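Notes follow the structure.
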Amino acid sequence: MDGTVTHPYTSATRTKRGQCMQFLASVLLLVVAFTSGPTSGWQGVSLHAAAADDWPTLAHDAQRTGGGASVAGGPYAIRWGWNTTQGPNTLRIGGNVQPVVANGRIFVGTLDGRLAAIAADTGADLWHAQTGGAILGTAAIAGDTIFVGSQDGLIHAYNVATGAEQWTYATNGGIWAAPLVVDDIVTVGSRDGLFYALDAKSGAIRWSFASGAPITMSAAYSERQHLVYIGAENSQVFALDLHSGALRWQKQLAGQGFRAGWPVVADDAGLVVFRTMPAYYFGDLWAGSEGHFLDSLQGKSIADEQAAIRQYLDEHPDHQTFHALNTATGERAFTAPVLYVGGDNLPPAPPVLSTDGTLLVLYSTRQNYRVRAGETWEARWSADFGTMDLRDGAIAPVPLSNDDHGRIEGVWPFRLITDEGGVITRAGTRLIQSEFEAAGGVDLATGATFHLGIEYRNVQTPRYPSGGVTVYSSPPQFSRFPPDDAHFYLGAGVANSPVVSAGGFLFWRLSGGAVIAIGGTS
């Protein structure tokens with residue numbers, strides 16, 4: 001390399017120090033920060049977090065475990081909201097972008113190509129850096145540098161404190177994936193089909209790997225194997241040596257690619273899990289031409305139901321969307337009794353690693369929490385929380401220990417459904433599910449459920465319990481914010497960007513482009 005890179009669309013020559021890309025310092029745009037005193041009952045905990053409490057990359061860490069710092073219990077209140085005013089200059093955020101948090105700053109990319117730095121304690125804008133294309137993926141923070149890919153085909157590196165550009169590197173396609181930073185090496189895939197490894201300090205190329213298809217999936221890393229795991233849109237997965245790029249193994253999976261998903265590495269179990277888009281219409285499994293498969297499981301024991309699902313997937317391997325592979329060899333560890341849960345052309349929810357070494361999953365079961373509470377529901381309402389034993393893939397439902405089988409004030413505090421998108425995250429022992437309409441979950445230590453937030457379409461007929469925050473889908477229905485009861489538009493939830501837990505608080509992305517900070521009071 002000669003120290004220059006060529007922009008793949010304009011053929012303009014750029015130095016790796018990015019002389020043509022100037023950051024916008026201290027731009028204050030479209031931000032509403034609630035800076036008056038805390039609401040009644042607020043604990044006053046500082047949002048500035050120690051490094052151990054940060055969320056510096058997609059799904060928290062290089063293994064993409066999805067587990068962050070603990071958060072206080074509810075009832076929950078909004079501390080501040082960012083980008084909450086609707087208008088022609090409102091910043092829009094891609095559906096797959098997850099905020100990242102480190103050293104008291106939050107970073108999020110926008111569809112107009114800005115990387116925004118936000119004060120974690122107030123929601124105030126700190127700086128914006130402008131890229132040349134939409135930012136569709138999550139950024140990654142390592143030390144004093146933040147890395148992000150853009151649809152301009154460039155990988156950008158900025159100083160986290162000032163937004164000053166450190167370097168850029170040009171690929172030959174737009175970048176949808178989140179960077180992965182390990183051992184001063186930045187790796188990321190491009191839609192040009194190449195997977196790149198760059199020196200984190202200089203941006204110099206270390207190696208690249210040709211996958212044979214566009215790469216939109218983010219990569220994950222095994223500390224034990226020193227391997228990076230990637231998936232390309234030909235549904236092939238690859239294990240590459242982090243330092244040399246040498247191919248350790250590759251495997252063809254069933255499905256229609258990975259879109260903007262990510263693998264999850266369970267190093268202690270020696271497994272990496274990939275989720276693929278379904279190759280066939282998944283509704284056939286519960287309401288279609290194959291005989292209402294899920295309905296046929298009604299009344300079976302949990303063990304018999306899972307045996308039937310495994311048998312079905314073994315007989316129809318092209319219906320598999322959950323792939324548990326050995327990290328060292330790529331061999332399939334077991335057939336997981338997991339059917340596709342999702343919809344709206346969204347990738348299935350990646351699992352989350354629990355503190356006890358099990359895997360937390362969203363899955364379909366006719367013995368779900370509603371049935372266990374004595375309710376009768378059609379198969380499309382059969383989604384549930386489960387813990388997967390990584391020795392054999394067996395799933396145990398997460399027990400709900402509330403007096404009313406997990407219901408609060410007579411209603412369910414979350415919304416699990418088989419044919420709509422939704423994702424999970426972990427904040428300490430709290431498992432949180434979020435989707436278009438609501439966010440809530442269960443404390444894995446106690447089984448107590450909780451309500452985090454709701455998007456009301458009709459304020460006269462609320463369908464969720466108290467104790468959570470409230471956002472709305474469209475004007476003129478606006479939410480009431482503490483501490484001053486001002487009214488702002490936020491939008492509904494986002495089905496494919498998990499809630500972030502950092503510094504004892506939760507940060508929730510909303511469809512209107514807003515980011516809100518949520519804190520508990522107990």
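Ordering of the structure tokens sets the chain letters (A, B, ...), residue numbers begin anew at 1 in every chain, and ligands are numbered from 1 in the order given.
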What are the closest atom pairs, with distances in Å to one decimal, for each residue of segment 184-271 of chain A lying within 10 Å of segment 80-98 of chain A, using only C-alpha atoms, rows by chain and rising residue number, as JSON lines?
{"residue": "A:Arg259", "atom": "CA", "partner": "A:Asn96", "partner_atom": "CA", "distance": 9.8}
{"residue": "A:Ala260", "atom": "CA", "partner": "A:Asn96", "partner_atom": "CA", "distance": 6.7}
{"residue": "A:Gly261", "atom": "CA", "partner": "A:Asn96", "partner_atom": "CA", "distance": 8.6}
As a ChimeraX atom specification, please: every residue in segment 170-286 of chain A that a backbone DSSP assignment puts in helix (DSSP H, G or I). /A:267-269,284-286
Which polymer residues have any atom within 9 Å of an atom of Gly467 of chain A, counting only C-alpha atoms, with same-chain residues fewer than 4 positions away left out, as a list in words? Gly74, Pro75, Tyr76, Ala77, Phe450, His451, Leu452 and Gly453 of chain A
I want to know what sits within 8 Å of Gly68 of chain A, based on only C-alpha atoms, with residues of the same chain fewer than 6 positions away left out; could you give that as a list in words?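 Final neighbour list, sorted by chain and number: Asp53, Asp54, Trp55, His60, Arg426, Ala427, Gly428, Val500, Ser501 and Ala502 of chain A.
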I'd like the neighbourhood of segment 171-185 of chain A as a ChimeraX atom specification, where a residue qualifies if any of its atoms comes within 9 Å (using only C-alpha atoms), though same-chain residues fewer than 5 positions away should be ignored. /A:5-9,57-58,61-62,96-97,133-142,147-155,190-194,196-201,206,214-221,242-243,259-262
Using DSSP secondary structure from the backbone, list all strand (DSSP E) positions within segment 339-393 of chain A, as a list in words.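 The strand (DSSP E) subset of segment 339-393 of chain A is Val352, Leu353, Leu359, Leu360, Val361, Leu362, Tyr363, Ser364, Ala383, Asp384, Phe385, Gly386, Thr387 and Met388 of chain A.
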How would the residues just picked look written out with N, CA, C and O atoms as a short mmCIF file (atom, residue, chain, number, x, y, z; two decimals), in the first residue's frame?
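Written output follows (again_9.cif):
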data_model
loop_
_atom_site.label_atom_id
_atom_site.label_comp_id
_atom_site.auth_asym_id
_atom_site.auth_seq_id
_atom_site.Cartn_x
_atom_site.Cartn_y
_atom_site.Cartn_z
N VAL A 352 -28.50 -14.72 23.15
CA VAL A 352 -27.72 -13.94 24.11
C VAL A 352 -27.13 -14.91 25.12
O VAL A 352 -27.80 -15.83 25.58
N LEU A 353 -25.86 -14.71 25.46
CA LEU A 353 -25.21 -15.59 26.43
C LEU A 353 -25.58 -15.17 27.84
O LEU A 353 -25.50 -13.99 28.20
N LEU A 359 -27.55 -20.42 26.86
CA LEU A 359 -27.85 -19.47 25.81
C LEU A 359 -29.32 -19.07 25.92
O LEU A 359 -30.20 -19.93 26.02
N LEU A 360 -29.58 -17.78 25.94
CA LEU A 360 -30.94 -17.27 26.01
C LEU A 360 -31.46 -17.12 24.58
O LEU A 360 -30.82 -16.51 23.74
N VAL A 361 -32.66 -17.66 24.32
CA VAL A 361 -33.19 -17.68 22.96
C VAL A 361 -34.65 -17.25 22.96
O VAL A 361 -35.38 -17.39 23.94
N LEU A 362 -35.08 -16.70 21.82
CA LEU A 362 -36.48 -16.57 21.49
C LEU A 362 -36.84 -17.76 20.61
O LEU A 362 -36.16 -18.01 19.61
N TYR A 363 -37.88 -18.49 20.95
CA TYR A 363 -38.21 -19.70 20.20
C TYR A 363 -39.72 -19.93 20.23
O TYR A 363 -40.45 -19.29 21.00
N SER A 364 -40.18 -20.83 19.39
CA SER A 364 -41.61 -21.16 19.32
C SER A 364 -41.89 -22.42 20.11
O SER A 364 -41.19 -23.43 19.97
N ALA A 383 -44.40 -17.72 20.71
CA ALA A 383 -43.02 -17.41 21.05
C ALA A 383 -42.83 -17.36 22.56
O ALA A 383 -43.77 -17.06 23.31
N ASP A 384 -41.61 -17.64 23.00
CA ASP A 384 -41.32 -17.64 24.43
C ASP A 384 -39.83 -17.40 24.64
O ASP A 384 -39.02 -17.53 23.72
N PHE A 385 -39.48 -17.05 25.90
CA PHE A 385 -38.09 -16.99 26.32
C PHE A 385 -37.64 -18.40 26.73
O PHE A 385 -38.38 -19.11 27.41
N GLY A 386 -36.43 -18.79 26.36
CA GLY A 386 -35.91 -20.08 26.77
C GLY A 386 -34.43 -20.02 27.07
O GLY A 386 -33.71 -19.11 26.62
N THR A 387 -33.94 -20.98 27.86
CA THR A 387 -32.51 -21.14 28.11
C THR A 387 -32.07 -22.44 27.47
O THR A 387 -32.64 -23.50 27.74
N MET A 388 -31.05 -22.37 26.60
CA MET A 388 -30.58 -23.54 25.86
C MET A 388 -29.34 -24.12 26.52
O MET A 388 -28.37 -23.42 26.77
#
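Nearest residue to His319 of chain A among A:Gly270, A:Gly212, A:Gly422, A:Gly255 is A:Gly255, counting only C-alpha atoms.
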Atom-to-atom span, atom CA of Pro465 of chain A and atom CA of Asn402 of chain A, Å: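 Atom-to-atom, atom CA of Pro465 of chain A to atom CA of Asn402 of chain A, that is 13.7 Å.
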